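Text of coords-v4.csv (CSV, C-alpha atoms) as supplied:
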chain,number,residue,atom,x,y,z
A,401,MET,CA,63.6,69.5,109.5
A,402,GLY,CA,67.2,70.3,108.8
A,403,GLN,CA,69.1,71.4,111.9
A,404,LYS,CA,71.6,74.1,111.4
A,405,VAL,CA,74.9,74.0,113.4
A,406,ASN,CA,76.5,77.3,114.4
A,407,ALA,CA,78.9,78.2,111.5
A,408,HIS,CA,81.4,79.8,113.8
A,409,GLY,CA,81.5,77.0,116.4
A,410,PHE,CA,81.7,74.4,113.7
A,411,ARG,CA,85.0,75.9,112.5
A,412,LEU,CA,86.7,76.6,115.8
A,413,GLY,CA,90.3,75.5,115.6
A,414,VAL,CA,90.2,75.2,111.8
A,415,ASN,CA,90.0,78.8,110.6
A,416,LYS,CA,88.2,80.5,113.5
A,417,GLY,CA,89.7,81.5,116.9
A,418,TRP,CA,88.1,81.7,120.3
A,419,ASN,CA,86.5,85.0,121.6
A,420,SER,CA,87.6,84.1,125.2
A,421,VAL,CA,91.2,83.2,125.7
A,422,TRP,CA,92.1,82.0,129.3
A,423,TYR,CA,92.5,79.0,131.5
A,424,ALA,CA,90.8,78.5,134.9
A,425,PRO,CA,90.5,75.8,137.5
A,426,LYS,CA,87.3,73.8,137.6
A,427,ASP,CA,85.8,75.7,140.6
A,428,GLN,CA,86.4,79.1,138.9
A,429,TYR,CA,85.4,78.3,135.4
A,430,ALA,CA,81.7,78.9,135.6
A,431,ASP,CA,82.1,82.2,137.4
A,432,LEU,CA,84.6,83.6,134.8
A,433,LEU,CA,82.4,82.4,132.0
A,434,LEU,CA,79.4,84.2,133.4
A,435,GLU,CA,81.6,87.3,133.9
A,436,ASP,CA,82.6,87.1,130.2
A,437,VAL,CA,78.9,86.9,129.1
A,438,LYS,CA,77.9,89.9,131.3
A,439,VAL,CA,80.9,92.0,130.1
A,440,ARG,CA,80.0,91.3,126.4
A,441,GLU,CA,76.4,92.2,126.9
A,442,PHE,CA,77.3,95.4,128.7
A,443,ILE,CA,79.8,96.5,126.1
A,444,ARG,CA,77.4,95.7,123.2
A,445,GLU,CA,74.6,97.7,124.9
A,446,LYS,CA,76.8,100.7,125.8
A,447,LEU,CA,78.4,100.8,122.3
A,448,GLN,CA,75.3,100.2,120.3
A,449,ASN,CA,75.8,103.3,118.2
A,450,ALA,CA,79.4,102.4,117.4
A,451,GLY,CA,78.5,99.1,115.6
A,452,VAL,CA,80.2,96.4,117.7
A,453,ASP,CA,81.5,93.3,115.7
A,454,THR,CA,83.6,91.2,118.1
A,455,VAL,CA,84.5,91.4,121.8
A,456,LYS,CA,87.5,89.3,122.6
A,457,ILE,CA,88.5,88.7,126.3
A,458,LYS,CA,92.0,87.6,127.3
A,459,ARG,CA,92.9,86.9,130.9
A,460,SER,CA,96.3,86.6,132.5
A,461,MET,CA,97.1,86.4,136.2
A,462,ASN,CA,95.7,89.8,137.4
A,463,ARG,CA,95.0,91.4,134.1
A,464,ILE,CA,92.1,91.3,131.7
A,465,THR,CA,92.5,92.5,128.1
A,466,ILE,CA,89.3,93.3,126.2
A,467,GLU,CA,89.7,93.9,122.5
A,468,VAL,CA,86.6,95.5,120.9
A,469,THR,CA,86.2,95.7,117.1
A,470,VAL,CA,83.8,98.5,116.1
A,471,ALA,CA,82.7,100.1,112.8
A,472,ARG,CA,82.9,103.7,114.2
A,473,PRO,CA,85.8,103.9,116.8
A,474,GLY,CA,85.4,107.7,117.1
A,475,VAL,CA,82.0,107.2,118.9
A,476,VAL,CA,83.7,104.9,121.5
A,477,ILE,CA,86.8,107.1,122.1
A,478,GLY,CA,84.8,110.3,122.5
A,479,ARG,CA,86.3,113.8,122.9
A,480,GLY,CA,89.8,113.6,124.4
A,481,GLY,CA,89.3,109.9,125.2
A,482,ALA,CA,86.6,110.7,127.8
A,483,SER,CA,84.1,108.1,126.7
A,484,ILE,CA,86.6,105.2,126.6
A,485,GLU,CA,87.9,106.0,130.1
A,486,ASP,CA,84.3,106.1,131.4
A,487,LEU,CA,83.6,102.7,129.8
A,488,LYS,CA,86.8,101.3,131.2
A,489,LYS,CA,85.9,102.3,134.8
A,490,LYS,CA,82.4,100.7,134.5
A,491,VAL,CA,83.9,97.5,133.2
A,492,SER,CA,86.5,97.5,136.0
A,493,ARG,CA,83.7,97.4,138.5
A,494,MET,CA,82.3,94.2,136.9
A,495,VAL,CA,85.5,92.2,137.0
A,496,LYS,CA,88.4,91.3,139.2
A,497,GLY,CA,91.8,92.6,138.1
A,498,ASP,CA,93.2,95.4,136.0
A,499,VAL,CA,91.3,96.1,132.8
A,500,ASP,CA,93.1,97.0,129.5
A,501,LEU,CA,90.5,98.1,126.9
A,502,LYS,CA,91.6,98.2,123.3
A,503,ILE,CA,89.5,99.5,120.4
A,504,PHE,CA,90.0,98.4,116.9
A,505,GLU,CA,88.3,99.6,113.7
A,506,ALA,CA,86.4,97.0,111.7
A,507,LYS,CA,87.7,96.7,108.1
A,508,ARG,CA,84.9,96.5,105.5
A,509,PRO,CA,81.9,96.7,108.0
A,510,GLU,CA,79.5,95.9,105.1
A,511,THR,CA,80.9,92.4,104.9
A,512,LEU,CA,80.6,91.5,108.7
A,513,ALA,CA,77.7,89.3,109.6
A,514,ARG,CA,77.2,90.9,113.1
A,515,LEU,CA,77.0,94.4,111.7
A,516,ILE,CA,74.7,93.3,108.8
A,517,ALA,CA,72.4,91.6,111.4
A,518,GLU,CA,72.3,94.8,113.5
A,519,ASN,CA,71.5,96.9,110.5
A,520,VAL,CA,68.6,94.6,109.6
A,521,LYS,CA,67.5,94.6,113.2
A,522,ASN,CA,67.3,98.4,113.4
A,523,GLN,CA,65.4,98.7,110.1
A,524,VAL,CA,62.9,95.9,111.0
A,525,ALA,CA,62.4,97.5,114.5
A,526,ARG,CA,61.4,100.7,112.6
A,527,ARG,CA,58.7,98.8,110.7
A,528,ILE,CA,60.6,98.6,107.4
A,529,VAL,CA,59.6,95.6,105.4
A,530,PRO,CA,62.2,92.8,106.0
A,531,LYS,CA,62.5,91.9,102.3
A,532,TYR,CA,63.5,95.5,101.5
A,533,ALA,CA,66.0,95.7,104.5
A,534,MET,CA,67.6,92.4,103.4
A,535,SER,CA,68.0,93.3,99.8
A,536,ARG,CA,69.6,96.6,100.8
A,537,GLU,CA,72.2,94.9,102.9
A,538,ILE,CA,72.9,92.2,100.3
A,539,GLU,CA,73.4,94.9,97.7
A,540,ASN,CA,76.0,96.7,100.0
A,541,ALA,CA,77.8,93.4,100.6
A,542,ARG,CA,77.9,92.6,96.8
A,543,ASN,CA,79.2,96.1,96.0
A,544,SER,CA,82.2,95.6,98.4
A,545,GLY,CA,83.7,93.1,96.1
A,546,GLN,CA,84.9,91.0,99.1
A,547,VAL,CA,81.9,88.7,99.4
A,548,LYS,CA,81.3,85.5,97.5
A,549,GLY,CA,77.9,84.7,99.1
A,550,ILE,CA,75.5,86.1,101.6
A,551,ARG,CA,72.3,84.7,103.1
A,552,ILE,CA,69.8,86.5,105.5
A,553,TRP,CA,66.8,85.0,107.2
A,554,VAL,CA,64.2,87.0,109.1
A,555,SER,CA,61.7,84.9,111.1
A,556,GLY,CA,58.6,86.0,113.1
A,557,ARG,CA,55.2,87.6,112.6
A,558,ILE,CA,56.2,89.6,109.6
A,559,LYS,CA,54.0,92.6,108.8
A,560,GLY,CA,52.0,91.7,112.0
A,561,ALA,CA,50.7,88.4,110.5
A,562,GLU,CA,48.9,86.0,112.8
A,563,ILE,CA,51.2,83.1,111.8
A,564,ALA,CA,55.0,83.4,112.0
A,565,ARG,CA,57.0,82.7,108.9
A,566,THR,CA,60.6,83.1,107.6
A,567,GLU,CA,61.6,85.5,104.9
A,568,LYS,CA,64.8,84.4,103.1
A,569,SER,CA,67.2,86.2,100.8
A,570,GLN,CA,70.4,84.9,99.3
A,571,TRP,CA,73.1,85.9,96.8
A,572,GLY,CA,76.0,83.7,95.8
A,573,SER,CA,77.1,80.5,97.4
A,574,ILE,CA,77.1,79.5,101.1
A,575,PRO,CA,79.1,76.2,101.5
A,576,LEU,CA,78.1,75.5,105.1
A,577,GLN,CA,79.5,72.0,105.2
A,578,THR,CA,83.0,73.0,103.8
A,579,LEU,CA,85.2,73.4,106.9
A,580,ARG,CA,87.9,75.4,105.0
A,581,ALA,CA,85.2,78.0,103.9
A,582,ASP,CA,85.5,81.2,105.9
A,583,ILE,CA,81.9,81.8,106.9
A,584,ASP,CA,80.9,84.6,109.3
A,585,TYR,CA,77.7,84.0,111.1
A,586,ALA,CA,75.5,86.1,113.4
A,587,PHE,CA,72.1,85.9,115.1
A,588,THR,CA,70.2,88.7,116.8
A,589,GLU,CA,66.6,89.5,117.7
A,590,ALA,CA,64.5,92.6,116.9
A,591,GLN,CA,61.5,93.8,119.0
A,592,VAL,CA,58.9,95.0,116.4
A,593,PRO,CA,56.0,97.1,117.5
A,594,ASN,CA,52.7,95.1,117.3
A,595,ALA,CA,54.5,92.1,115.8
A,596,GLY,CA,56.6,90.6,118.6
A,597,LYS,CA,60.1,89.4,118.3
A,598,HIS,CA,61.8,88.8,115.0
A,599,GLY,CA,64.9,86.5,114.8
A,600,ILE,CA,67.6,87.5,112.3
A,601,LYS,CA,70.3,85.2,111.0
A,602,VAL,CA,73.1,86.2,108.7
A,603,TRP,CA,75.7,84.0,106.9
A,604,VAL,CA,78.6,85.7,104.9
A,605,TYR,CA,81.0,83.7,102.8
A,606,THR,CA,84.3,85.5,101.9
A,607,GLY,CA,86.3,82.6,100.4
A,608,GLU,CA,88.5,79.8,101.7
A,609,LYS,CA,91.0,80.1,104.6
A,610,MET,CA,93.1,77.2,105.9
A,611,GLY,CA,94.4,78.6,109.2
A,612,ILE,CA,93.3,80.7,112.2
A,613,GLU,CA,96.0,83.3,111.5
A,614,ASP,CA,94.5,84.1,108.1
A,615,SER,CA,91.1,84.9,109.6
A,616,GLU,CA,92.4,87.2,112.4
What would the structure in this file look like if it were written as structure tokens?
Amino acid sequence: MGQKVNAHGFRLGVNKGWNSVWYAPKDQYADLLLEDVKVREFIREKLQNAGVDTVKIKRSMNRITIEVTVARPGVVIGRGGASIEDLKKKVSRMVKGDVDLKIFEAKRPETLARLIAENVKNQVARRIVPKYAMSREIENARNSGQVKGIRIWVSGRIKGAEIARTEKSQWGSIPLQTLRADIDYAFTEAQVPNAGKHGIKVWVYTGEKMGIEDSE
């Protein structure tokens, strides 16, 4: 069996940056890492309707800057900025130090692997046939004109079958072994009624990038 390496981790330092930017002594590292994981999970859960792509956490001495990229920033900010202030207060209780929460709008959400995976997840959870959900997302990505290749896999007891299998859809090229290729990758899980969990993987190839600055 071919073992697939994480496309994002494989390109760290080449054309992908880190989602957590900070330094910590050995005795604090594990605690801060766990804090990052909990903050990310909390923000993704709270802003589910906004379409969260990335959550970047930057730490300085007594300040934590959280940069959240979403497809629908209006949902996050709320009327008069009430929603974002409420979220900021809740995140402040989870971490030590002052929290600076920044919201950015995702450019071309139909080309981002995380948002494509979430769209497929929501459709599969509503019992829509995975093949149909995948073809719809691939068509949207193709129509954007920014994508050179896209691949989507849905694994699990599809249509409630006794034996799990993997449905695969692809358009264009996905050069996974080319380090200079800018490949966006995402994985998520969907809970499907009477069919257990389905794993969803998405790879999106948007061309070649030589530096981290180009991909930011």
Nearby residues (only C-alpha atoms) at most 12 Å from Arg493 (chain A), same-chain spacing under 6 positions excluded, as an mmCIF file with C-alpha atoms, in the coordinates of the input:
data_model
loop_
_atom_site.group_PDB
_atom_site.id
_atom_site.type_symbol
_atom_site.label_atom_id
_atom_site.label_comp_id
_atom_site.auth_asym_id
_atom_site.auth_seq_id
_atom_site.Cartn_x
_atom_site.Cartn_y
_atom_site.Cartn_z
ATOM 1 C CA GLU A 435 81.600 87.300 133.900
ATOM 2 C CA LYS A 438 77.900 89.900 131.300
ATOM 3 C CA VAL A 439 80.900 92.000 130.100
ATOM 4 C CA PHE A 442 77.300 95.400 128.700
ATOM 5 C CA ASP A 486 84.300 106.100 131.400
ATOM 6 C CA LEU A 487 83.600 102.700 129.800
ATOM 7 C CA VAL A 499 91.300 96.100 132.800
#
Can you list every residue of region 499-530 of chain A that has an atom at most 10 Å from region 593-598 of chain A, with its nearest atom pair and the distance in Å to one decimal, using all atoms listed in the file, ordered by chain then number, as a tab-separated table?
residue	atom	partner	partner_atom	distance
A:Lys521	CA	A:His598	CA	8.3
A:Val524	CA	A:His598	CA	8.2
A:Ala525	CA	A:Pro593	CA	7.1
A:Arg526	CA	A:Pro593	CA	8.1
A:Arg527	CA	A:Pro593	CA	7.5
A:Pro530	CA	A:His598	CA	9.9
Problem set entry | Test item: which residues lie within 12 Å of (75.9, 85.0, 96.4) counting only C-alpha atoms, as a VMD selection string | chain A and resid 535 538 to 539 541 to 543 545 to 552 569 to 575 603 to 607
If you keep C-alpha atoms, can you produce a file of those selected residues as a CSV table (one decimal), keeping the file's coordinate frame?
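So the final result, stored in out38.csv, reads:
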chain,number,residue,atom,x,y,z
A,535,SER,CA,68.0,93.3,99.8
A,538,ILE,CA,72.9,92.2,100.3
A,539,GLU,CA,73.4,94.9,97.7
A,541,ALA,CA,77.8,93.4,100.6
A,542,ARG,CA,77.9,92.6,96.8
A,543,ASN,CA,79.2,96.1,96.0
A,545,GLY,CA,83.7,93.1,96.1
A,546,GLN,CA,84.9,91.0,99.1
A,547,VAL,CA,81.9,88.7,99.4
A,548,LYS,CA,81.3,85.5,97.5
A,549,GLY,CA,77.9,84.7,99.1
A,550,ILE,CA,75.5,86.1,101.6
A,551,ARG,CA,72.3,84.7,103.1
A,552,ILE,CA,69.8,86.5,105.5
A,569,SER,CA,67.2,86.2,100.8
A,570,GLN,CA,70.4,84.9,99.3
A,571,TRP,CA,73.1,85.9,96.8
A,572,GLY,CA,76.0,83.7,95.8
A,573,SER,CA,77.1,80.5,97.4
A,574,ILE,CA,77.1,79.5,101.1
A,575,PRO,CA,79.1,76.2,101.5
A,603,TRP,CA,75.7,84.0,106.9
A,604,VAL,CA,78.6,85.7,104.9
A,605,TYR,CA,81.0,83.7,102.8
A,606,THR,CA,84.3,85.5,101.9
A,607,GLY,CA,86.3,82.6,100.4
Problem set entry | Residues within 12 Å of Lys488 (chain A), all atoms listed in the file, excluding chain neighbours under 3 positions, as a ChimeraX atom specification | /A:439,442-443,446,464-468,476-477,481-485,491-495,498-503
List the neighbours of region 577-580 of chain A out to 9 Å using all atoms listed in the file; skip same-chain residues closer than 3 positions along the sequence, and give me the result as a compact mmCIF listing (two decimals) with C-alpha atoms, in the coordinates of the input.
# COMPACT_ATOMS: atom_id res chain seq x y z
CA ALA A 407 78.90 78.20 111.50
CA PHE A 410 81.70 74.40 113.70
CA ARG A 411 85.00 75.90 112.50
CA VAL A 414 90.20 75.20 111.80
CA ASN A 415 90.00 78.80 110.60
CA ILE A 574 77.10 79.50 101.10
CA ILE A 583 81.90 81.80 106.90
CA GLY A 607 86.30 82.60 100.40
CA GLU A 608 88.50 79.80 101.70
CA LYS A 609 91.00 80.10 104.60
CA MET A 610 93.10 77.20 105.90
CA GLY A 611 94.40 78.60 109.20
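One distance worth recording is that between CA of Lys531 (chain A) and CA of Thr511 (chain A), which is 18.6 Å.
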For this session: Find the residues near Val470 (chain A): any atom within 8 Å, counting all atoms listed in the file, skip ones fewer than 2 places away on the same chain, and give them as a PyMOL selection string.
Result: chain A and resi 450-454+468+472-473+503-506
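Distances from A:His408, A:Leu434, A:Asn540, A:Asn449 to Ala581 (chain A) were compared using only C-alpha atoms, and the smallest one belongs to A:His408.
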Exercise. What is the distance, in Å and to one decimal place, between CA of Pro509 (chain A) and CA of Ser544 (chain A)?
Worked result: 9.7 Å
Exercise. Which neighbours of Ala513 (chain A) fall inside 8 Å, counting all atoms listed in the file, when residues of the same chain fewer than 2 positions from it are skipped, and could you give them as a ChimeraX atom specification?
Worked result: /A:511,515-517,584-586,602-604
Only C-alpha atoms needed: put region 429-537 of chain A from the block into a file as a short mmCIF file (atom, residue, chain, number, x, y, z; two decimals), in the first residue's frame.
data_model
loop_
_atom_site.label_atom_id
_atom_site.label_comp_id
_atom_site.auth_asym_id
_atom_site.auth_seq_id
_atom_site.Cartn_x
_atom_site.Cartn_y
_atom_site.Cartn_z
CA TYR A 429 6.37 23.72 24.95
CA ALA A 430 3.86 20.88 25.46
CA ASP A 431 1.42 23.09 27.41
CA LEU A 432 1.47 25.83 24.77
CA LEU A 433 1.08 23.30 21.95
CA LEU A 434 -1.99 21.79 23.66
CA GLU A 435 -3.34 25.32 24.20
CA ASP A 436 -2.98 26.00 20.45
CA VAL A 437 -4.85 22.80 19.58
CA LYS A 438 -7.72 23.63 21.96
CA VAL A 439 -8.00 27.22 20.71
CA ARG A 440 -8.10 26.03 17.08
CA GLU A 441 -10.78 23.43 17.80
CA PHE A 442 -12.84 25.98 19.75
CA ILE A 443 -12.66 28.62 16.99
CA ARG A 444 -13.51 26.10 14.24
CA GLU A 445 -16.52 24.88 16.24
CA LYS A 446 -17.79 28.38 17.10
CA LEU A 447 -17.32 29.76 13.58
CA GLN A 448 -18.61 26.71 11.73
CA ASN A 449 -21.12 28.80 9.76
CA ALA A 450 -18.45 31.31 8.68
CA GLY A 451 -16.33 28.77 6.77
CA VAL A 452 -12.96 28.78 8.60
CA ASP A 453 -9.89 28.12 6.43
CA THR A 454 -6.81 28.78 8.58
CA VAL A 455 -6.20 29.74 12.23
CA LYS A 456 -2.70 31.17 12.73
CA ILE A 457 -1.42 31.73 16.28
CA LYS A 458 1.49 34.08 16.97
CA ARG A 459 2.87 34.56 20.48
CA SER A 460 5.10 37.30 21.88
CA MET A 461 5.96 37.95 25.55
CA ASN A 462 2.47 38.60 26.95
CA ARG A 463 0.43 38.85 23.77
CA ILE A 464 -1.25 36.27 21.56
CA THR A 465 -2.30 37.25 18.04
CA ILE A 466 -4.84 34.94 16.40
CA GLU A 467 -5.40 35.42 12.67
CA VAL A 468 -8.52 33.66 11.38
CA THR A 469 -9.22 33.43 7.64
CA VAL A 470 -12.91 32.85 6.88
CA ALA A 471 -15.12 32.75 3.79
CA ARG A 472 -17.90 34.86 5.39
CA PRO A 473 -16.36 37.49 7.74
CA GLY A 474 -19.73 39.21 8.31
CA VAL A 475 -20.93 36.15 10.26
CA VAL A 476 -17.92 36.40 12.61
CA ILE A 477 -18.04 40.15 13.22
CA GLY A 478 -21.80 40.31 13.85
CA ARG A 479 -23.92 43.41 14.34
CA GLY A 480 -21.71 46.26 15.59
CA GLY A 481 -18.84 43.84 16.23
CA ALA A 482 -20.69 42.11 19.10
CA SER A 483 -19.95 38.55 17.95
CA ILE A 484 -16.21 39.07 17.56
CA GLU A 485 -15.94 40.68 21.01
CA ASP A 486 -17.81 37.76 22.57
CA LEU A 487 -15.49 35.28 20.84
CA LYS A 488 -12.44 37.25 21.97
CA LYS A 489 -13.59 37.10 25.62
CA LYS A 490 -14.12 33.33 25.45
CA VAL A 491 -10.70 32.75 23.87
CA SER A 492 -9.07 35.02 26.52
CA ARG A 493 -10.32 32.66 29.25
CA MET A 494 -8.53 29.74 27.54
CA VAL A 495 -5.08 31.33 27.27
CA LYS A 496 -2.65 33.39 29.33
CA GLY A 497 -1.91 36.90 28.09
CA ASP A 498 -3.72 39.52 26.02
CA VAL A 499 -5.57 38.22 22.97
CA ASP A 500 -5.61 40.11 19.67
CA LEU A 501 -8.16 38.51 17.31
CA LYS A 502 -7.93 39.40 13.62
CA ILE A 503 -10.41 38.27 10.97
CA PHE A 504 -9.43 38.05 7.29
CA GLU A 505 -11.62 37.25 4.31
CA ALA A 506 -10.61 34.19 2.26
CA LYS A 507 -9.92 35.00 -1.37
CA ARG A 508 -11.50 32.49 -3.77
CA PRO A 509 -13.03 30.10 -1.15
CA GLU A 510 -13.96 27.60 -3.92
CA THR A 511 -10.19 26.88 -4.36
CA LEU A 512 -9.33 26.26 -0.67
CA ALA A 513 -9.00 22.60 0.36
CA ARG A 514 -10.33 23.13 3.92
CA LEU A 515 -13.52 24.83 2.73
CA ILE A 516 -14.06 22.26 -0.04
CA ALA A 517 -13.68 19.45 2.53
CA GLU A 518 -16.18 21.16 4.87
CA ASN A 519 -18.68 21.56 2.01
CA VAL A 520 -18.39 17.87 1.11
CA LYS A 521 -18.68 16.95 4.81
CA ASN A 522 -21.93 18.94 5.22
CA GLN A 523 -23.43 17.38 2.10
CA VAL A 524 -22.41 13.80 3.00
CA ALA A 525 -23.80 14.29 6.55
CA ARG A 526 -27.17 15.17 4.94
CA ARG A 527 -27.09 11.81 3.11
CA ILE A 528 -26.20 13.29 -0.29
CA VAL A 529 -24.34 10.74 -2.45
CA PRO A 530 -20.56 11.42 -2.13
CA LYS A 531 -19.99 11.11 -5.89
CA TYR A 532 -22.49 13.91 -6.53
CA ALA A 533 -21.07 16.12 -3.74
CA MET A 534 -17.51 15.64 -5.03
CA SER A 535 -18.39 16.40 -8.66
CA ARG A 536 -20.18 19.60 -7.60
CA GLU A 537 -17.12 20.89 -5.68
#
